[in-house]
$ cat query.txt   # compact mmCIF, C-alpha atoms and all ligand atoms
# COMPACT_ATOMS: atom_id res chain seq x y z
CA MET Y 695 31.10 30.24 4.09
CA ILE Y 696 30.69 26.85 2.38
CA LYS Y 697 29.07 27.26 -1.04
CA VAL Y 698 26.56 24.44 -1.54
CA ALA Y 699 24.92 23.43 -4.83
CA ILE Y 700 21.78 21.28 -4.72
CA ASN Y 701 21.40 19.12 -7.82
CA GLY Y 702 17.74 18.07 -7.89
CA TYR Y 703 15.19 20.27 -6.12
CA GLY Y 704 12.46 17.76 -5.29
CA THR Y 705 11.25 16.18 -2.03
CA ILE Y 706 14.72 15.89 -0.50
CA GLY Y 707 16.44 18.71 -2.42
CA LYS Y 708 14.09 21.48 -1.30
CA ARG Y 709 14.42 20.40 2.33
CA VAL Y 710 18.22 20.17 2.16
CA ALA Y 711 18.31 23.65 0.57
CA ASP Y 712 16.36 25.18 3.46
CA ALA Y 713 18.47 23.33 6.03
CA VAL Y 714 21.64 24.72 4.38
CA ASP Y 715 20.08 28.19 4.26
CA ALA Y 716 19.42 27.96 8.01
CA GLN Y 717 23.11 27.45 8.87
CA ASP Y 718 25.58 30.27 9.58
CA ASP Y 719 28.55 28.49 7.97
CA MET Y 720 27.06 27.60 4.57
CA GLU Y 721 24.94 29.07 1.79
CA VAL Y 722 22.85 27.79 -1.13
CA ILE Y 723 24.68 28.81 -4.29
CA GLY Y 724 22.03 27.34 -6.62
CA VAL Y 725 19.45 24.60 -7.14
CA THR Y 726 18.56 22.64 -10.27
CA LYS Y 727 15.37 21.53 -11.97
CA THR Y 728 14.99 19.53 -15.19
CA GLY Y 729 12.63 22.18 -16.54
CA PRO Y 730 10.11 24.80 -15.50
CA ASN Y 731 7.57 23.19 -13.17
CA PHE Y 732 5.81 24.15 -9.96
CA GLY Y 733 8.87 23.58 -7.73
CA CYS Y 734 10.62 26.51 -9.48
CA GLN Y 735 8.25 28.94 -7.75
CA LEU Y 736 9.53 27.84 -4.35
CA ALA Y 737 13.15 28.38 -5.43
CA VAL Y 738 12.26 31.88 -6.68
CA LYS Y 739 10.43 32.69 -3.44
CA LYS Y 740 13.45 31.53 -1.43
CA GLN Y 741 15.80 33.48 -3.76
CA TYR Y 742 17.82 30.38 -4.59
CA PRO Y 743 19.39 30.85 -8.03
CA LEU Y 744 17.82 28.38 -10.48
CA TYR Y 745 19.92 26.23 -12.81
CA CYS Y 746 19.07 23.45 -15.23
CA THR Y 747 20.10 19.82 -14.60
CA SER Y 748 21.23 19.79 -18.23
CA ASP Y 749 23.71 22.01 -20.10
CA GLU Y 750 21.66 21.93 -23.33
CA GLU Y 751 20.72 25.47 -24.46
CA GLU Y 752 17.31 24.27 -25.62
CA LYS Y 753 16.42 22.99 -22.14
CA ILE Y 754 17.86 26.05 -20.39
CA ASN Y 755 15.78 28.36 -22.63
CA LEU Y 756 12.55 26.61 -21.62
CA PHE Y 757 12.76 28.26 -18.20
CA SER Y 758 12.56 31.84 -19.55
CA GLU Y 759 9.63 30.86 -21.78
CA GLN Y 760 7.74 30.15 -18.53
CA GLY Y 761 8.93 33.35 -16.86
CA TYR Y 762 11.77 31.92 -14.74
CA ILE Y 763 15.35 33.18 -14.71
CA CYS Y 764 17.66 30.22 -15.29
CA HIS Y 765 21.31 31.04 -14.60
CA GLY Y 766 22.66 28.22 -16.77
CA GLY Y 767 23.32 24.51 -16.77
CA ILE Y 768 24.73 22.21 -14.11
CA THR Y 769 28.34 22.71 -15.27
CA LYS Y 770 28.14 26.45 -14.59
CA LEU Y 771 26.65 25.82 -11.13
CA LEU Y 772 29.38 23.33 -10.22
CA GLU Y 773 32.04 25.92 -11.09
CA LEU Y 774 30.68 28.22 -8.35
CA ALA Y 775 30.25 25.66 -5.56
CA ASP Y 776 32.53 24.02 -2.97
CA ILE Y 777 30.31 20.97 -2.66
CA VAL Y 778 27.24 19.52 -4.39
CA VAL Y 779 24.41 17.65 -2.67
CA ASP Y 780 22.91 15.32 -5.26
CA CYS Y 781 19.17 14.97 -4.65
CA SER Y 782 18.28 13.50 -8.02
CA PRO Y 783 15.98 10.46 -8.22
CA GLY Y 784 17.69 7.20 -7.19
CA LYS Y 785 20.02 5.45 -9.66
CA MET Y 786 21.07 8.65 -11.47
CA GLY Y 787 24.14 8.91 -9.31
CA LYS Y 788 26.53 7.14 -11.65
CA MET Y 789 25.81 9.60 -14.46
CA ASN Y 790 26.02 12.63 -12.15
CA LEU Y 791 29.20 11.41 -10.45
CA GLU Y 792 31.04 11.79 -13.75
CA LYS Y 793 30.03 15.47 -13.83
CA TYR Y 794 31.22 16.04 -10.26
CA LYS Y 795 34.52 14.33 -10.90
CA GLY Y 796 34.94 16.37 -14.07
CA ALA Y 797 34.37 19.56 -12.09
CA GLY Y 798 36.67 18.36 -9.29
CA ILE Y 799 34.00 19.05 -6.69
CA LYS Y 800 33.10 17.30 -3.43
CA HIS Y 801 29.79 15.46 -3.58
CA ILE Y 802 27.09 13.94 -1.40
CA PHE Y 803 24.55 11.41 -2.71
CA GLN Y 804 21.33 10.11 -1.15
CA GLY Y 805 20.13 6.68 -0.07
CA GLY Y 806 18.65 5.82 -3.47
CA GLU Y 807 22.22 5.15 -4.60
CA LYS Y 808 24.28 2.12 -3.73
CA HIS Y 809 27.13 2.23 -1.21
CA GLU Y 810 29.56 1.25 -3.97
CA LEU Y 811 29.02 4.56 -5.80
CA THR Y 812 31.23 6.46 -3.36
CA GLY Y 813 32.52 3.59 -1.19
CA LEU Y 814 31.62 5.73 1.85
CA SER Y 815 28.19 5.81 3.47
CA TYR Y 816 27.40 8.31 6.18
CA THR Y 817 25.21 8.91 9.16
CA SER Y 818 26.34 11.32 11.85
CA CYS Y 819 26.03 9.10 14.95
CA ALA Y 820 27.79 6.16 13.31
CA ASN Y 821 30.82 7.37 11.36
CA HIS Y 822 31.24 11.15 11.15
CA LYS Y 823 35.02 10.93 11.67
CA ALA Y 824 35.46 8.44 8.80
CA ALA Y 825 34.03 11.04 6.42
CA LEU Y 826 36.31 13.90 7.45
CA ASN Y 827 37.82 15.55 4.34
CA ALA Y 828 36.55 12.77 2.04
CA ASN Y 829 35.75 13.66 -1.56
CA GLY Y 830 32.36 11.99 -1.69
CA ALA Y 831 29.83 10.16 0.47
CA ARG Y 832 26.30 8.77 0.42
CA VAL Y 833 23.92 9.80 3.21
CA VAL Y 834 22.14 6.53 3.91
CA SER Y 835 18.40 6.09 3.33
CA CYS Y 836 15.65 7.21 5.68
CA ASN Y 837 15.27 3.64 6.99
CA THR Y 838 18.99 3.11 7.56
CA THR Y 839 19.26 6.51 9.24
CA GLY Y 840 16.34 5.58 11.51
CA LEU Y 841 17.84 2.22 12.43
CA SER Y 842 21.24 3.77 13.13
CA ARG Y 843 19.80 6.38 15.51
CA THR Y 844 18.66 3.75 18.02
CA LEU Y 845 21.03 0.86 17.25
CA VAL Y 846 24.35 2.74 17.29
CA PRO Y 847 23.95 3.93 20.92
CA LEU Y 848 23.07 0.36 21.92
CA HIS Y 849 26.17 -0.90 20.14
CA ASP Y 850 28.30 1.82 21.75
CA ASN Y 851 27.07 0.62 25.17
CA CYS Y 852 27.47 -3.12 24.66
CA GLU Y 853 29.28 -4.36 21.58
CA GLY Y 854 28.04 -7.50 19.89
CA ILE Y 855 24.36 -6.78 19.20
CA SER Y 856 22.41 -8.81 16.66
CA VAL Y 857 19.21 -7.42 15.17
CA GLU Y 858 16.09 -8.77 13.43
CA CYS Y 859 13.86 -6.05 12.05
CA THR Y 860 10.62 -5.80 10.09
CA MET Y 861 10.23 -2.57 8.12
CA ILE Y 862 6.61 -1.55 7.60
CA ARG Y 863 7.08 0.96 4.83
CA ARG Y 864 4.90 3.77 3.54
CA ALA Y 865 3.76 3.02 0.00
CA ALA Y 866 4.47 6.52 -1.39
CA ASP Y 867 5.38 10.03 -0.31
CA PRO Y 868 2.35 12.36 0.08
CA GLY Y 869 3.30 14.29 -3.08
CA ASP Y 870 3.83 11.17 -5.23
CA SER Y 871 0.95 9.89 -7.36
CA GLN Y 872 3.03 7.25 -9.16
CA ARG Y 873 3.60 4.62 -6.50
CA GLY Y 874 1.51 2.15 -4.50
CA PRO Y 875 -0.03 -0.16 -3.41
CA ILE Y 876 -3.26 1.64 -2.49
CA ASN Y 877 -5.22 -1.42 -1.38
CA ALA Y 878 -2.75 -4.20 -0.66
CA ILE Y 879 0.17 -5.15 1.57
CA LYS Y 880 3.23 -5.76 -0.56
CA PRO Y 881 6.04 -7.86 0.91
CA VAL Y 882 9.55 -7.38 -0.42
CA LEU Y 883 10.20 -10.88 -1.71
CA LYS Y 884 13.96 -10.52 -1.70
CA VAL Y 885 14.80 -11.87 1.75
CA PRO Y 886 16.51 -10.44 3.72
CA SER Y 887 15.65 -6.97 2.41
CA HIS Y 888 18.46 -4.51 1.69
CA HIS Y 889 17.39 -2.11 4.47
CA GLY Y 890 18.94 -3.82 7.48
CA ILE Y 891 22.10 -4.85 5.67
CA ASP Y 892 22.63 -1.21 4.73
CA VAL Y 893 23.24 -0.33 8.41
CA MET Y 894 26.47 -2.32 8.14
CA THR Y 895 27.78 0.22 5.60
CA VAL Y 896 28.01 2.75 8.44
CA LYS Y 897 28.50 0.41 11.44
CA PRO Y 898 29.82 -2.95 10.23
CA GLU Y 899 29.96 -4.35 13.78
CA ILE Y 900 26.15 -4.44 14.06
CA LYS Y 901 24.79 -7.75 12.79
CA ILE Y 902 21.37 -7.12 11.27
CA ASN Y 903 18.76 -8.68 9.00
CA SER Y 904 15.44 -7.24 7.89
CA LEU Y 905 12.18 -8.09 6.20
CA ALA Y 906 10.09 -5.36 4.56
CA VAL Y 907 6.48 -4.79 3.55
CA ALA Y 908 4.90 -1.75 1.89
CA VAL Y 909 1.51 -0.69 3.26
CA PRO Y 910 -1.04 1.82 1.93
CA THR Y 911 -0.04 4.92 3.90
CA THR Y 912 1.97 8.00 2.97
CA LEU Y 913 2.81 9.17 6.47
CA MET Y 914 5.76 7.27 7.94
CA HIS Y 915 7.67 4.00 8.10
CA VAL Y 916 7.38 1.88 11.25
CA HIS Y 917 10.17 -0.49 12.32
CA SER Y 918 9.45 -3.48 14.54
CA LEU Y 919 12.71 -4.58 16.14
CA VAL Y 920 14.10 -7.45 18.18
CA VAL Y 921 17.68 -6.85 19.33
CA GLU Y 922 19.72 -9.63 20.88
CA LEU Y 923 22.14 -8.10 23.37
CA PRO Y 924 25.36 -9.84 24.42
CA PRO Y 925 25.43 -11.75 27.74
CA ASN Y 926 26.27 -9.46 30.70
CA HIS Y 927 24.92 -6.47 28.77
CA GLY Y 928 24.10 -4.70 32.04
CA LEU Y 929 21.12 -2.84 30.58
CA THR Y 930 17.52 -2.61 31.81
CA THR Y 931 14.42 -1.39 29.99
CA GLU Y 932 14.75 1.87 31.94
CA SER Y 933 18.43 2.36 31.10
CA VAL Y 934 17.76 1.74 27.39
CA ILE Y 935 15.03 4.40 27.45
CA LYS Y 936 17.41 6.80 29.24
CA LEU Y 937 20.11 6.07 26.65
CA TRP Y 938 17.78 6.99 23.78
CA LYS Y 939 16.42 10.06 25.56
CA GLU Y 940 20.01 11.33 25.74
CA GLN Y 941 20.65 10.54 22.06
CA PRO Y 942 20.27 13.45 19.60
CA ARG Y 943 17.40 13.20 17.10
CA VAL Y 944 15.49 10.50 18.99
CA ILE Y 945 12.14 11.21 20.68
CA VAL Y 946 10.98 8.64 23.25
CA MET Y 947 7.41 9.25 24.31
CA ASN Y 948 4.64 7.34 26.04
CA GLY Y 949 2.02 6.93 23.34
CA THR Y 950 -0.77 5.89 25.70
CA GLU Y 951 -0.36 8.77 28.17
CA ASN Y 952 0.19 11.33 25.41
CA ARG Y 953 -2.51 9.88 23.16
CA ILE Y 954 -0.07 9.18 20.33
CA PRO Y 955 -1.01 5.59 19.46
CA THR Y 956 -0.24 5.71 15.70
CA THR Y 957 1.85 7.45 13.05
CA ALA Y 958 -1.10 9.78 12.37
CA GLU Y 959 -0.70 11.37 15.82
CA VAL Y 960 3.10 11.38 15.50
CA MET Y 961 2.72 13.41 12.31
CA GLU Y 962 0.22 15.73 14.02
CA LEU Y 963 2.78 16.23 16.80
CA SER Y 964 5.40 17.13 14.19
CA ARG Y 965 3.03 19.64 12.57
CA ASP Y 966 2.62 21.21 16.03
CA ILE Y 967 6.41 21.52 16.35
CA GLY Y 968 6.15 23.95 13.45
CA ARG Y 969 8.80 22.68 11.06
CA LYS Y 970 8.09 23.28 7.39
CA TRP Y 971 6.12 20.58 5.57
CA GLY Y 972 5.26 19.09 8.99
CA ASP Y 973 8.68 17.39 9.04
CA LEU Y 974 9.99 15.29 11.89
CA HIS Y 975 13.78 14.95 11.77
CA GLU Y 976 13.77 12.83 14.91
CA ILE Y 977 13.01 9.10 15.16
CA PHE Y 978 9.95 8.44 17.32
CA VAL Y 979 10.06 5.54 19.82
CA TRP Y 980 6.94 4.45 21.74
CA GLU Y 981 8.25 4.33 25.32
CA GLU Y 982 5.80 1.83 26.80
CA ALA Y 983 6.56 -0.69 24.04
CA VAL Y 984 10.28 -0.80 24.85
CA SER Y 985 10.78 -4.11 26.62
CA LEU Y 986 13.97 -5.89 27.61
CA LYS Y 987 13.42 -9.58 28.47
CA GLY Y 988 16.65 -11.36 29.35
CA ASN Y 989 18.97 -10.46 26.50
CA LYS Y 990 16.20 -9.63 23.99
CA LEU Y 991 15.13 -6.03 23.50
CA TYR Y 992 11.81 -5.35 21.73
CA TYR Y 993 10.64 -1.97 20.42
CA PHE Y 994 8.80 -0.06 17.70
CA GLN Y 995 9.96 3.17 16.10
CA ALA Y 996 8.51 5.51 13.48
CA VAL Y 997 10.54 7.27 10.78
CA HIS Y 998 9.46 10.33 8.82
CA GLN Y 999 10.84 9.22 5.49
CA GLU Y 1000 11.00 12.65 3.83
CA SER Y 1001 12.94 14.39 6.57
CA ASP Y 1002 15.08 12.32 8.96
CA VAL Y 1003 17.98 12.43 6.48
CA ILE Y 1004 17.88 16.22 6.04
CA PRO Y 1005 20.02 17.30 9.04
CA GLU Y 1006 22.37 14.37 8.26
CA ASN Y 1007 23.18 16.03 4.92
CA ILE Y 1008 24.25 19.19 6.79
CA ASP Y 1009 26.56 17.26 9.14
CA CYS Y 1010 27.93 15.38 6.13
CA ILE Y 1011 28.77 18.68 4.39
CA ARG Y 1012 30.80 19.71 7.48
CA ALA Y 1013 32.51 16.31 7.58
CA LEU Y 1014 33.53 16.38 3.91
CA MET Y 1015 34.65 20.01 4.13
CA GLY Y 1016 36.62 19.11 7.25
CA THR Y 1017 35.15 22.00 9.25
CA ASN Y 1018 33.82 20.07 12.27
CA SER Y 1019 35.25 16.79 13.50
CA ASP Y 1020 32.89 16.34 16.46
CA TRP Y 1021 29.58 14.78 15.37
CA LYS Y 1022 27.63 15.80 18.45
CA ASN Y 1023 28.80 19.37 18.11
CA SER Y 1024 27.86 19.47 14.42
CA VAL Y 1025 24.46 17.91 15.17
CA SER Y 1026 23.71 20.49 17.84
CA ILE Y 1027 24.74 23.39 15.55
CA THR Y 1028 22.63 21.96 12.71
CA ASP Y 1029 19.54 21.33 14.82
CA GLU Y 1030 19.67 24.64 16.65
CA ALA Y 1031 19.97 26.56 13.38
CA ILE Y 1032 17.04 24.66 11.86
CA SER Y 1033 14.92 25.33 14.96
CA ARG Y 1034 15.71 29.05 14.81
CA TYR Y 1035 14.93 29.10 11.08
CA ASN Y 1036 11.53 27.58 11.75
CA GLY Y 1037 10.90 30.05 14.52
CA ILE Y 1038 10.75 27.48 17.33
N1 LIG D 1101 11.49 10.84 -0.72
C1 LIG D 1101 11.95 10.17 0.31
O1 LIG D 1101 11.17 9.80 1.18
C2 LIG D 1101 13.42 9.88 0.43
C3 LIG D 1101 13.96 9.63 1.70
C4 LIG D 1101 15.33 9.41 1.82
C5 LIG D 1101 16.14 9.40 0.70
N2 LIG D 1101 15.57 9.62 -0.53
C6 LIG D 1101 16.48 9.61 -1.67
O2 LIG D 1101 16.72 10.96 -2.08
C7 LIG D 1101 16.93 11.02 -3.49
C8 LIG D 1101 15.94 12.02 -4.08
O3 LIG D 1101 14.63 11.53 -3.87
P1 LIG D 1101 13.36 12.49 -3.90
O4 LIG D 1101 12.27 11.75 -3.20
O5 LIG D 1101 13.72 13.84 -3.44
O6 LIG D 1101 13.04 12.52 -5.47
P2 LIG D 1101 12.08 13.54 -6.22
O7 LIG D 1101 11.09 14.14 -5.29
O8 LIG D 1101 11.60 12.81 -7.41
O9 LIG D 1101 13.05 14.71 -6.69
C9 LIG D 1101 14.09 14.49 -7.58
C10 LIG D 1101 14.60 15.81 -8.13
O10 LIG D 1101 15.69 15.55 -8.99
C11 LIG D 1101 15.51 16.26 -10.22
N3 LIG D 1101 16.18 15.52 -11.29
C12 LIG D 1101 15.65 14.74 -12.26
N4 LIG D 1101 16.62 14.27 -13.06
C13 LIG D 1101 17.80 14.76 -12.57
C14 LIG D 1101 19.16 14.66 -12.97
N5 LIG D 1101 19.53 13.93 -14.03
N6 LIG D 1101 20.11 15.31 -12.24
C15 LIG D 1101 19.75 16.05 -11.17
N7 LIG D 1101 18.48 16.20 -10.76
C16 LIG D 1101 17.51 15.56 -11.44
C17 LIG D 1101 14.01 16.40 -10.38
O11 LIG D 1101 13.77 17.54 -11.17
P3 LIG D 1101 12.30 18.01 -11.61
O12 LIG D 1101 11.63 18.49 -10.37
O13 LIG D 1101 12.53 19.08 -12.58
O14 LIG D 1101 11.64 16.78 -12.19
C18 LIG D 1101 13.56 16.58 -8.93
O15 LIG D 1101 13.60 17.93 -8.57
C19 LIG D 1101 16.79 9.58 -3.99
O16 LIG D 1101 18.07 8.97 -3.97
C20 LIG D 1101 15.92 8.94 -2.92
O17 LIG D 1101 16.08 7.53 -2.85
C21 LIG D 1101 14.25 9.89 -0.69

$ encode --input "query.txt" --output "structure tokens"
Amino acid sequence: MIKVAINGYGTIGKRVADAVDAQDDMEVIGVTKTGPNFGCQLAVKKQYPLYCTSDEEEKINLFSEQGYICHGGITKLLELADIVVDCSPGKMGKMNLEKYKGAGIKHIFQGGEKHELTGLSYTSCANHKAALNANGARVVSCNTTGLSRTLVPLHDNCEGISVECTMIRRAADPGDSQRGPINAIKPVLKVPSHHGIDVMTVKPEIKINSLAVAVPTTLMHVHSLVVELPPNHGLTTESVIKLWKEQPRVIVMNGTENRIPTTAEVMELSRDIGRKWGDLHEIFVWEEAVSLKGNKLYYFQAVHQESDVIPENIDCIRALMGTNSDWKNSVSITDEAISRYNGI
């Protein structure tokens, strides 16, 4: 049984904890909060031992004042675990990495950190083998994960693809009142944006550039893609669709026939699936908008930003612990366990 600590029990942390809890080969050994707030109740309900992100007695004591049992600070938690999944807010990784190195523990960071922090970025379909038995890795962001899911199988079929992508990004997560815009479209003025380039940290052979805009929605990101395939690629629109339908964690669906024209209906579909929080771990591709003209492939895909990276963290744990070297096998174990856990 792999003992997993979750440092940071927020949007990503609480989802990773449940995904770990769903697996037969790993267990949640503890989760951390900065202090007693509403997320602690969920940890108590799930019977995940609560720890403090800090080792300061004063901060640890605050939990009991609010009626929560805090088992200690982060150092104590790290002593009990085989691996820590860092789900702290972006850019805290450098500080936390020192703690993990001090404890001599394997560690996984999230996409809010830079590739350079661990020197190894991860997404299951792109580079599972490269992460086997590594000490630390970064699971790439929701956008990079989404891009990899559809681009890596294309690359595997015909090497030499070149991609231009526009990321239409949700302004904030549903539970986040701090971010915006709420009545504007905000282009990322650093061109190209970092999103596309980040794919090359897991699959350097894919040439990709991206532009990004934030729009006033909380539901999903949408990617608008143009992929230039190499000459003699041998693909057709139909064979590309077939390729993606056979790819794990990609849903290809006709939006017109199924009356799923927007991200609102995609999210409703995911609520029907029955996963907690209405999550959709899969990338959604609108089938009728996939179009291959000559060597240019056009398509749109939607990414549920809060959840597509969750099963990737589970596969990454197995890679770092060296317990499963076959990415497709790990993915199927992960996804089946999550489905059972959610009762579907
Ligand atoms: N949200 C998304 O859509 C999304 C998607 C993909 C990747 N990511 C990445 O995932 C990471 C986490 O993002 P999030 O959205 O889950 O953030 P979040 O909802 O703000 O949660 C962050 C959690 O970290 C805790 N925390 C604060 N300071 C900490 C510290 N020094 N050490 C450890 N934990 C600390 C917070 O504790 P309290 O609850 O006590 O404040 C909170 O539980 C970021 O790198 C982000 O870029 C986010």

$ residues_around --input "query.txt" --residues "Ala831 in chain Y" --least-positions-apart "3" --cutoff "10 Å" --atoms "all atoms listed in the file" --output "short mmCIF file (atom, residue, chain, number, x, y, z; two decimals) with C-alpha atoms, keeping the file's coordinate frame"
data_model
loop_
_atom_site.label_atom_id
_atom_site.label_comp_id
_atom_site.auth_asym_id
_atom_site.auth_seq_id
_atom_site.Cartn_x
_atom_site.Cartn_y
_atom_site.Cartn_z
CA VAL Y 779 24.41 17.65 -2.67
CA LYS Y 800 33.10 17.30 -3.43
CA HIS Y 801 29.79 15.46 -3.58
CA ILE Y 802 27.09 13.94 -1.40
CA PHE Y 803 24.55 11.41 -2.71
CA GLN Y 804 21.33 10.11 -1.15
CA HIS Y 809 27.13 2.23 -1.21
CA GLU Y 810 29.56 1.25 -3.97
CA LEU Y 811 29.02 4.56 -5.80
CA THR Y 812 31.23 6.46 -3.36
CA GLY Y 813 32.52 3.59 -1.19
CA LEU Y 814 31.62 5.73 1.85
CA SER Y 815 28.19 5.81 3.47
CA TYR Y 816 27.40 8.31 6.18
CA THR Y 817 25.21 8.91 9.16
CA ALA Y 825 34.03 11.04 6.42
CA ALA Y 828 36.55 12.77 2.04
CA VAL Y 834 22.14 6.53 3.91
CA ASN Y 1007 23.18 16.03 4.92
CA CYS Y 1010 27.93 15.38 6.13
CA ILE Y 1011 28.77 18.68 4.39
CA ALA Y 1013 32.51 16.31 7.58
CA LEU Y 1014 33.53 16.38 3.91
#

$ residues_near_ligand --input "query.txt" --ligand "ligand LIG 1101 (chain D)" --cutoff "7 Å" --atoms "all atoms listed in the file" --output "ChimeraX atom specification"
/Y:701-707,726-731,733,747,780-786,790,804-807,835-836,867,999-1001,1003

$ closest_residue --input "query.txt" --among "Y:Asn989, Y:Val916, Y:Tyr1035, Y:Gln995" --to "Gly968 in chain Y" --atoms "only C-alpha atoms"
Y:Tyr1035

$ closest_residue --input "query.txt" --among "Y:Ala797, Y:Met914, Y:Leu736, Y:Ile696" --to "Met720 in chain Y" --atoms "all atoms listed in the file"
Y:Ile696

$ residues_around --input "query.txt" --residues "Glu922 in chain Y" --least-positions-apart "5" --cutoff "7 Å" --atoms "only C-alpha atoms" --output "PyMOL selection string"
chain Y and resi 855-857+989-991

$ residues_around --input "query.txt" --residues "Asn948 in chain Y" --least-positions-apart "3" --cutoff "12 Å" --atoms "all atoms listed in the file" --output "MDAnalysis selection string"
chainID Y and resid 935 945 951:956 960 978:984 994

$ atom_distance --input "query.txt" --atom1 "CA of Val738 in chain Y" --atom2 "CA of Tyr762 in chain Y"
8.1 Å

$ closest_residue --input "query.txt" --among "Y:Ile777, Y:Leu845, Y:Cys734, Y:Leu913" --to "Arg1012 in chain Y" --atoms "all atoms listed in the file"
Y:Ile777

$ closest_residue --input "query.txt" --among "Y:Gly830, Y:Gly766, Y:Gly761, Y:Gly840" --to "Tyr794 in chain Y" --atoms "all atoms listed in the file"
Y:Gly830

$ closest_residue --input "query.txt" --among "Y:Met1015, Y:Val920, Y:Met695, Y:Val944" --to "Lys987 in chain Y" --atoms "all atoms listed in the file"
Y:Val920

$ closest_residue --input "query.txt" --among "Y:Leu905, Y:Ala1031, Y:Leu791, Y:Val846" --to "Arg832 in chain Y" --atoms "only C-alpha atoms"
Y:Leu791

$ residues_around --input "query.txt" --residues "Gly874 in chain Y" --least-positions-apart "5" --cutoff "7 Å" --atoms "all atoms listed in the file" --output "ChimeraX atom specification"
/Y:865-866,910

$ atom_distance --input "query.txt" --atom1 "CA of Val893 in chain Y" --atom2 "CA of Leu986 in chain Y"
22.0 Å

$ closest_atom_pairs --input "query.txt" --of "range 799-885 of chain Y" --to "range 1020-1023 of chain Y" --cutoff "9 Å" --atoms "all atoms listed in the file" --output "CSV"
residue,atom,partner,partner_atom,distance
Y:Ser818,CA,Y:Trp1021,CA,5.9
Y:Cys819,CA,Y:Trp1021,CA,6.7
Y:Asn821,CA,Y:Trp1021,CA,8.5
Y:His822,CA,Y:Trp1021,CA,5.8
Y:Lys823,CA,Y:Asp1020,CA,7.5
